[in-house]
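Q: What follows is final_27.cif, mmCIF, C-alpha atoms.
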data_entry
#
loop_
_atom_site.group_PDB
_atom_site.id
_atom_site.type_symbol
_atom_site.label_atom_id
_atom_site.label_comp_id
_atom_site.auth_asym_id
_atom_site.auth_seq_id
_atom_site.Cartn_x
_atom_site.Cartn_y
_atom_site.Cartn_z
ATOM 1 C CA MET A 1 10.418 11.955 13.062
ATOM 2 C CA LYS A 2 13.240 9.550 12.380
ATOM 3 C CA LEU A 3 13.155 6.851 9.715
ATOM 4 C CA TYR A 4 15.301 3.740 10.020
ATOM 5 C CA THR A 5 15.999 2.403 6.543
ATOM 6 C CA SER A 6 18.277 0.021 4.678
ATOM 7 C CA PRO A 7 19.600 0.872 1.201
ATOM 8 C CA GLY A 8 17.119 -0.225 -1.442
ATOM 9 C CA ALA A 9 14.801 -2.041 0.986
ATOM 10 C CA CYS A 10 11.059 -1.411 0.969
ATOM 11 C CA SER A 11 11.757 1.365 3.468
ATOM 12 C CA LEU A 12 12.948 3.415 0.492
ATOM 13 C CA ALA A 13 9.245 3.955 -0.235
ATOM 14 C CA ASP A 14 8.835 5.709 3.121
ATOM 15 C CA HIS A 15 12.021 7.688 2.527
ATOM 16 C CA ILE A 16 10.711 8.950 -0.820
ATOM 17 C CA THR A 17 7.340 9.779 0.734
ATOM 18 C CA LEU A 18 9.002 11.825 3.460
ATOM 19 C CA GLU A 19 10.837 13.767 0.765
ATOM 20 C CA TRP A 20 7.591 14.391 -1.097
ATOM 21 C CA ILE A 21 5.853 15.583 2.067
ATOM 22 C CA GLY A 22 8.569 18.172 2.589
ATOM 23 C CA GLN A 23 8.452 18.274 6.396
ATOM 24 C CA PRO A 24 11.539 17.958 8.631
ATOM 25 C CA TYR A 25 12.691 14.427 9.356
ATOM 26 C CA GLU A 26 15.824 12.451 10.130
ATOM 27 C CA TYR A 27 16.956 9.132 8.748
ATOM 28 C CA GLN A 28 19.415 6.477 9.840
ATOM 29 C CA ILE A 29 20.867 3.783 7.618
ATOM 30 C CA VAL A 30 20.634 0.363 9.267
ATOM 31 C CA LYS A 31 22.456 -2.383 7.380
ATOM 32 C CA GLY A 32 21.716 -6.094 7.594
ATOM 33 C CA GLU A 33 23.871 -7.019 10.560
ATOM 34 C CA GLN A 34 22.825 -3.881 12.452
ATOM 35 C CA ARG A 35 19.174 -4.916 12.291
ATOM 36 C CA LYS A 36 19.998 -7.818 14.629
ATOM 37 C CA ALA A 37 21.805 -5.635 17.176
ATOM 38 C CA PRO A 38 20.143 -5.231 20.607
ATOM 39 C CA GLU A 39 19.753 -1.474 20.139
ATOM 40 C CA PHE A 40 17.723 -1.872 16.973
ATOM 41 C CA LEU A 41 15.742 -4.864 18.267
ATOM 42 C CA LYS A 42 14.471 -2.584 21.037
ATOM 43 C CA LEU A 43 12.913 -0.467 18.290
ATOM 44 C CA ASN A 44 11.652 -3.370 16.194
ATOM 45 C CA PRO A 45 11.880 -6.884 17.670
ATOM 46 C CA ALA A 46 11.362 -8.266 14.163
ATOM 47 C CA GLY A 47 14.777 -6.901 13.187
ATOM 48 C CA ALA A 48 13.399 -5.339 10.025
ATOM 49 C CA VAL A 49 13.046 -1.985 8.351
ATOM 50 C CA PRO A 50 11.272 0.333 8.027
ATOM 51 C CA ALA A 51 10.799 1.748 11.488
ATOM 52 C CA LEU A 52 9.590 5.277 12.118
ATOM 53 C CA GLN A 53 10.304 6.832 15.491
ATOM 54 C CA VAL A 54 8.179 9.751 16.643
ATOM 55 C CA GLY A 55 9.295 10.779 20.112
ATOM 56 C CA ASP A 56 9.121 7.640 22.264
ATOM 57 C CA TRP A 57 6.713 5.905 19.883
ATOM 58 C CA VAL A 58 7.935 3.557 17.144
ATOM 59 C CA LEU A 59 5.821 2.451 14.200
ATOM 60 C CA THR A 60 6.781 -0.476 11.968
ATOM 61 C CA GLN A 61 5.350 -2.052 8.796
ATOM 62 C CA ASN A 62 5.630 -0.211 5.526
ATOM 63 C CA THR A 63 1.972 0.406 4.735
ATOM 64 C CA ALA A 64 1.243 1.437 8.325
ATOM 65 C CA ILE A 65 3.985 4.062 8.118
ATOM 66 C CA LEU A 66 2.785 5.311 4.743
ATOM 67 C CA HIS A 67 -0.777 5.689 6.014
ATOM 68 C CA TYR A 68 0.392 7.341 9.232
ATOM 69 C CA LEU A 69 2.297 9.924 7.216
ATOM 70 C CA MET A 70 -0.837 10.629 5.179
ATOM 71 C CA ASP A 71 -2.926 11.038 8.332
ATOM 72 C CA ARG A 72 -0.318 13.300 9.875
ATOM 73 C CA TYR A 73 0.027 15.427 6.740
ATOM 74 C CA PRO A 74 -3.387 15.227 5.052
ATOM 75 C CA ASP A 75 -2.712 18.202 2.795
ATOM 76 C CA CYS A 76 0.258 16.618 1.033
ATOM 77 C CA GLY A 77 -1.951 15.252 -1.754
ATOM 78 C CA LEU A 78 -0.669 11.679 -1.803
ATOM 79 C CA LEU A 79 -3.930 9.811 -1.281
ATOM 80 C CA GLY A 80 -5.535 10.101 -4.682
ATOM 81 C CA ASP A 81 -7.863 12.686 -6.136
ATOM 82 C CA GLY A 82 -9.594 13.544 -2.862
ATOM 83 C CA THR A 83 -12.614 11.291 -3.373
ATOM 84 C CA PRO A 84 -13.384 8.091 -1.422
ATOM 85 C CA GLU A 85 -12.987 6.208 -4.698
ATOM 86 C CA GLY A 86 -9.604 7.820 -5.330
ATOM 87 C CA ARG A 87 -8.379 6.872 -1.861
ATOM 88 C CA ALA A 88 -9.695 3.339 -2.363
ATOM 89 C CA GLU A 89 -7.731 3.039 -5.617
ATOM 90 C CA VAL A 90 -4.550 4.084 -3.820
ATOM 91 C CA ASN A 91 -5.221 1.453 -1.169
ATOM 92 C CA ARG A 92 -6.001 -1.142 -3.849
ATOM 93 C CA TRP A 93 -2.646 -0.707 -5.591
ATOM 94 C CA LEU A 94 -0.793 -0.343 -2.307
ATOM 95 C CA GLY A 95 -2.386 -3.622 -1.254
ATOM 96 C CA VAL A 96 -1.341 -5.352 -4.469
ATOM 97 C CA VAL A 97 2.283 -4.307 -4.141
ATOM 98 C CA ASN A 98 2.475 -5.077 -0.418
ATOM 99 C CA SER A 99 0.494 -8.313 -0.258
ATOM 100 C CA ASP A 100 1.054 -9.850 -3.704
ATOM 101 C CA VAL A 101 4.216 -8.470 -5.283
ATOM 102 C CA HIS A 102 6.542 -8.019 -2.305
ATOM 103 C CA PRO A 103 6.064 -11.594 -0.975
ATOM 104 C CA ALA A 104 6.545 -13.015 -4.475
ATOM 105 C CA PHE A 105 10.198 -11.948 -4.319
ATOM 106 C CA LYS A 106 10.925 -14.051 -1.235
ATOM 107 C CA PRO A 107 12.179 -17.192 -3.031
ATOM 108 C CA LEU A 108 14.545 -15.005 -5.043
ATOM 109 C CA PHE A 109 15.831 -13.448 -1.818
ATOM 110 C CA GLY A 110 16.695 -16.854 -0.344
ATOM 111 C CA ALA A 111 13.483 -17.871 1.416
ATOM 112 C CA THR A 112 13.542 -21.361 -0.140
ATOM 113 C CA ALA A 113 17.210 -22.087 0.596
ATOM 114 C CA TYR A 114 16.090 -24.272 3.516
ATOM 115 C CA LEU A 115 14.911 -26.872 0.981
ATOM 116 C CA GLU A 116 18.572 -27.805 0.417
ATOM 117 C CA ASP A 117 17.646 -29.249 -2.968
ATOM 118 C CA ALA A 118 18.972 -27.442 -6.016
ATOM 119 C CA GLY A 119 16.145 -28.641 -8.240
ATOM 120 C CA ALA A 120 13.416 -27.620 -5.813
ATOM 121 C CA ILE A 121 15.047 -24.256 -5.182
ATOM 122 C CA LYS A 122 15.335 -23.595 -8.916
ATOM 123 C CA LYS A 123 11.691 -24.538 -9.353
ATOM 124 C CA SER A 124 10.709 -22.004 -6.664
ATOM 125 C CA HIS A 125 12.812 -19.370 -8.416
ATOM 126 C CA ASP A 126 11.261 -20.103 -11.805
ATOM 127 C CA ASN A 127 7.779 -19.890 -10.320
ATOM 128 C CA ALA A 128 8.618 -16.575 -8.651
ATOM 129 C CA HIS A 129 9.838 -15.132 -11.940
ATOM 130 C CA LYS A 130 6.619 -16.159 -13.690
ATOM 131 C CA LEU A 131 4.428 -14.825 -10.906
ATOM 132 C CA LEU A 132 6.269 -11.517 -10.808
ATOM 133 C CA ARG A 133 6.002 -11.148 -14.574
ATOM 134 C CA THR A 134 2.226 -11.509 -14.223
ATOM 135 C CA HIS A 135 2.072 -8.867 -11.485
ATOM 136 C CA PHE A 136 4.160 -6.412 -13.488
ATOM 137 C CA GLU A 137 2.036 -6.989 -16.591
ATOM 138 C CA ARG A 138 -0.952 -6.021 -14.461
ATOM 139 C CA VAL A 139 0.539 -2.746 -13.271
ATOM 140 C CA ASP A 140 1.832 -2.023 -16.773
ATOM 141 C CA ALA A 141 -1.758 -2.154 -18.025
ATOM 142 C CA GLN A 142 -2.856 0.061 -15.134
ATOM 143 C CA LEU A 143 -0.202 2.638 -16.074
ATOM 144 C CA ALA A 144 -1.459 3.053 -19.645
ATOM 145 C CA GLY A 145 -1.838 6.784 -20.244
ATOM 146 C CA LYS A 146 -0.772 7.619 -16.676
ATOM 147 C CA ASP A 147 2.337 9.082 -15.068
ATOM 148 C CA TRP A 148 1.342 7.638 -11.691
ATOM 149 C CA VAL A 149 -0.130 4.269 -10.783
ATOM 150 C CA THR A 150 -3.552 5.630 -9.824
ATOM 151 C CA GLY A 151 -3.497 8.673 -12.087
ATOM 152 C CA SER A 152 -2.271 11.134 -9.466
ATOM 153 C CA ARG A 153 0.863 10.912 -7.342
ATOM 154 C CA SER A 154 0.299 8.814 -4.229
ATOM 155 C CA ILE A 155 1.932 6.665 -1.573
ATOM 156 C CA ALA A 156 1.529 3.676 -3.896
ATOM 157 C CA ASP A 157 4.058 5.026 -6.393
ATOM 158 C CA PRO A 158 7.253 4.817 -4.276
ATOM 159 C CA TYR A 159 6.483 1.222 -3.274
ATOM 160 C CA TRP A 160 5.926 0.194 -6.912
ATOM 161 C CA PHE A 161 9.143 1.992 -7.824
ATOM 162 C CA VAL A 162 11.070 0.032 -5.188
ATOM 163 C CA VAL A 163 9.845 -3.388 -6.319
ATOM 164 C CA THR A 164 10.587 -2.420 -9.920
ATOM 165 C CA GLN A 165 14.204 -1.782 -8.898
ATOM 166 C CA TRP A 166 14.303 -5.216 -7.286
ATOM 167 C CA ALA A 167 12.912 -6.796 -10.438
ATOM 168 C CA LYS A 168 15.518 -5.147 -12.633
ATOM 169 C CA LYS A 169 18.328 -6.120 -10.283
ATOM 170 C CA ILE A 170 17.483 -9.820 -10.133
ATOM 171 C CA GLY A 171 16.530 -10.211 -13.778
ATOM 172 C CA VAL A 172 12.747 -10.478 -13.774
ATOM 173 C CA ASP A 173 11.543 -10.269 -17.374
ATOM 174 C CA LEU A 174 10.138 -6.770 -17.837
ATOM 175 C CA SER A 175 10.538 -6.726 -21.599
ATOM 176 C CA GLY A 176 7.748 -5.046 -23.528
ATOM 177 C CA LEU A 177 6.276 -3.385 -20.444
ATOM 178 C CA ASP A 178 6.611 0.088 -21.911
ATOM 179 C CA ASN A 179 4.233 1.809 -19.490
ATOM 180 C CA LEU A 180 6.184 0.437 -16.541
ATOM 181 C CA ALA A 181 9.462 1.547 -18.138
ATOM 182 C CA ARG A 182 8.057 5.043 -18.607
ATOM 183 C CA PHE A 183 6.883 5.123 -14.979
ATOM 184 C CA ASP A 184 10.303 3.928 -13.800
ATOM 185 C CA ALA A 185 12.074 6.658 -15.785
ATOM 186 C CA HIS A 186 9.595 9.273 -14.540
ATOM 187 C CA MET A 187 10.174 8.246 -10.932
ATOM 188 C CA THR A 188 13.947 8.031 -11.345
ATOM 189 C CA ALA A 189 14.017 11.646 -12.575
ATOM 190 C CA ASP A 190 11.933 12.908 -9.641
ATOM 191 C CA PRO A 191 13.952 15.167 -7.278
ATOM 192 C CA GLY A 192 12.506 13.551 -4.134
ATOM 193 C CA VAL A 193 13.319 10.082 -5.406
ATOM 194 C CA GLN A 194 16.834 11.169 -6.337
ATOM 195 C CA LYS A 195 17.379 12.717 -2.899
ATOM 196 C CA ALA A 196 16.225 9.593 -1.051
ATOM 197 C CA MET A 197 18.304 7.311 -3.256
ATOM 198 C CA LYS A 198 21.354 9.508 -2.820
ATOM 199 C CA ASP A 199 20.871 9.481 0.959
ATOM 200 C CA GLU A 200 20.845 5.674 0.873
ATOM 201 C CA GLY A 201 23.928 5.467 -1.344
ATOM 202 C CA LEU A 202 22.007 4.062 -4.299
ATOM 203 C CA ILE A 203 23.144 6.737 -6.749
#
Show how you would write the structure in this file as structure tokens.

A:
Amino acid sequence: MKLYTSPGACSLADHITLEWIGQPYEYQIVKGEQRKAPEFLKLNPAGAVPALQVGDWVLTQNTAILHYLMDRYPDCGLLGDGTPEGRAEVNRWLGVVNSDVHPAFKPLFGATAYLEDAGAIKKSHDNAHKLLRTHFERVDAQLAGKDWVTGSRSIADPYWFVVTQWAKKIGVDLSGLDNLARFDAHMTADPGVQKAMKDEGLI
């Protein structure tokens, strides 16, 4: 298996998961301009990471890769407590971070620049900050009394860790979210997280 990743992108979640699984894999750093190169577009015509290559087969989309890794290595213990309800909780919180939180960052990453109106762009940024604060308040409440988002370590945790790094970097208000801060510190100290971040030049 070979993971194509960009430093600090959502693909970091897959990188961390591969470290947690503990099976052999390769990784290749693909920076912004390289994602538009013909060689990479053959792997993913969308010009985005992550991409996971397994032989001649290439899988894209973050949650698809995370679920594939769980299906390939079912004994790694990253899909909840082993019950259907536990797996559903993992999928619930993976869905929240992928479908609600990740897209909410888009205005702050330049998606509204096309408006070419400083006031309108600022309004989109302000709205994104408020929306993200609401999402992080929600996961902070979920993390009360827990080390992991769903109670046991799962594929949801690396993705939540990644978006938390984004939030800190661009100044989303995370003040008073003590459970989230504890989760962030817990993840940051994890050897697999540290290895993946070091590989991507983030620490």

Q: Evaluate the PyMOL selection byres ((chain A and resi 188) around 12) against this structure - the residues, as a list in words, please.

A: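 After applying the PyMOL selection byres ((chain A and resi 188) around 12), what remains is Ile16, Asp157, Pro158, Phe161, Val162, Thr164, Gln165, Ala181, Arg182, Phe183, Asp184, Ala185, His186, Met187, Ala189, Asp190, Pro191, Gly192, Val193, Gln194, Lys195, Ala196, Met197, Lys198, Leu202 and Ile203 of chain A.
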
Q: Quick one: which residues end up in the PyMOL selection byres ((chain A and resi 58) around 12) for this structure, as a list in words?

A: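 Applying the PyMOL selection byres ((chain A and resi 58) around 12) to the structure shown produces Met1, Lys2, Leu3, Tyr4, Phe40, Leu41, Lys42, Leu43, Asn44, Pro45, Val49, Pro50, Ala51, Leu52, Gln53, Val54, Gly55, Asp56, Trp57, Leu59, Thr60, Gln61, Ala64, Ile65 and Tyr68 of chain A.
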
Q: Enumerate, as a list in words, the residues matched when the PyMOL selection byres ((chain A and resi 133) around 10) is run on the file above.

A: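 Output of the PyMOL selection byres ((chain A and resi 133) around 10): Val101, Asn127, Ala128, His129, Lys130, Leu131, Leu132, Thr134, His135, Phe136, Glu137, Arg138, Ala167, Val172, Asp173, Leu174, Ser175 and Leu177 of chain A.
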
Q: Quick one, how far is CA of Ile170 in chain A from CA of Pro7 in chain A?

A: 15.7 Å

Q: What is the CA of Asp140 in chain A-CA of Ser152 in chain A distance in Å, reported with one decimal?

A: 15.6 Å

Q: Could you pull the residues within 9 Å of Tyr159 in chain A, counting all atoms listed in the file, minus those fewer than 3 positions along the same chain, as a ChimeraX atom specification?

A: /A:10-14,62,94,97-98,155-156,162-164

Q: Which range 70-156 of chain A residues have any atom within 10 Å of an atom of range 19-39 of chain A, and for each, what is the nearest pair of atoms with distance in Å to one decimal, counting only C-alpha atoms, rows sorted by chain and number, as JSON lines?

A:
{"residue": "A:Met70", "atom": "CA", "partner": "A:Ile21", "partner_atom": "CA", "distance": 8.9}
{"residue": "A:Tyr73", "atom": "CA", "partner": "A:Ile21", "partner_atom": "CA", "distance": 7.5}
{"residue": "A:Pro74", "atom": "CA", "partner": "A:Ile21", "partner_atom": "CA", "distance": 9.7}
{"residue": "A:Asp75", "atom": "CA", "partner": "A:Ile21", "partner_atom": "CA", "distance": 9.0}
{"residue": "A:Cys76", "atom": "CA", "partner": "A:Ile21", "partner_atom": "CA", "distance": 5.8}
{"residue": "A:Gly77", "atom": "CA", "partner": "A:Ile21", "partner_atom": "CA", "distance": 8.7}
{"residue": "A:Leu78", "atom": "CA", "partner": "A:Ile21", "partner_atom": "CA", "distance": 8.5}
{"residue": "A:Arg153", "atom": "CA", "partner": "A:Trp20", "partner_atom": "CA", "distance": 9.8}
{"residue": "A:Ser154", "atom": "CA", "partner": "A:Trp20", "partner_atom": "CA", "distance": 9.7}
{"residue": "A:Ile155", "atom": "CA", "partner": "A:Trp20", "partner_atom": "CA", "distance": 9.6}

Q: Distance CA of Thr5 in chain A-CA of Trp148 in chain A, one decimal place?

A: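 Between CA of Thr5 in chain A and CA of Trp148 in chain A the gap works out to 24.0 Å.
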
Q: What box, with edges along x, y and z, holds each listed atom of range 44-57 of chain A when 6 Å is added on every side, and can you state its centre and edge lengths in Å to one decimal, as JSON?

A:
{"center_x": 10.7, "center_y": 1.3, "center_z": 15.1, "size_x": 20.1, "size_y": 31.0, "size_z": 26.2}

Q: Which of these residues is nearest to Asp178 in chain A, using all atoms listed in the file: A:Ala144, A:Trp160, A:Asp199, A:Gly80?

A: A:Ala144

Q: Considering all atoms listed in the file, can you say which of A:Gly151, A:Gly176, A:Gly201, A:Pro103 comes closest to Asp81 in chain A?

A: A:Gly151
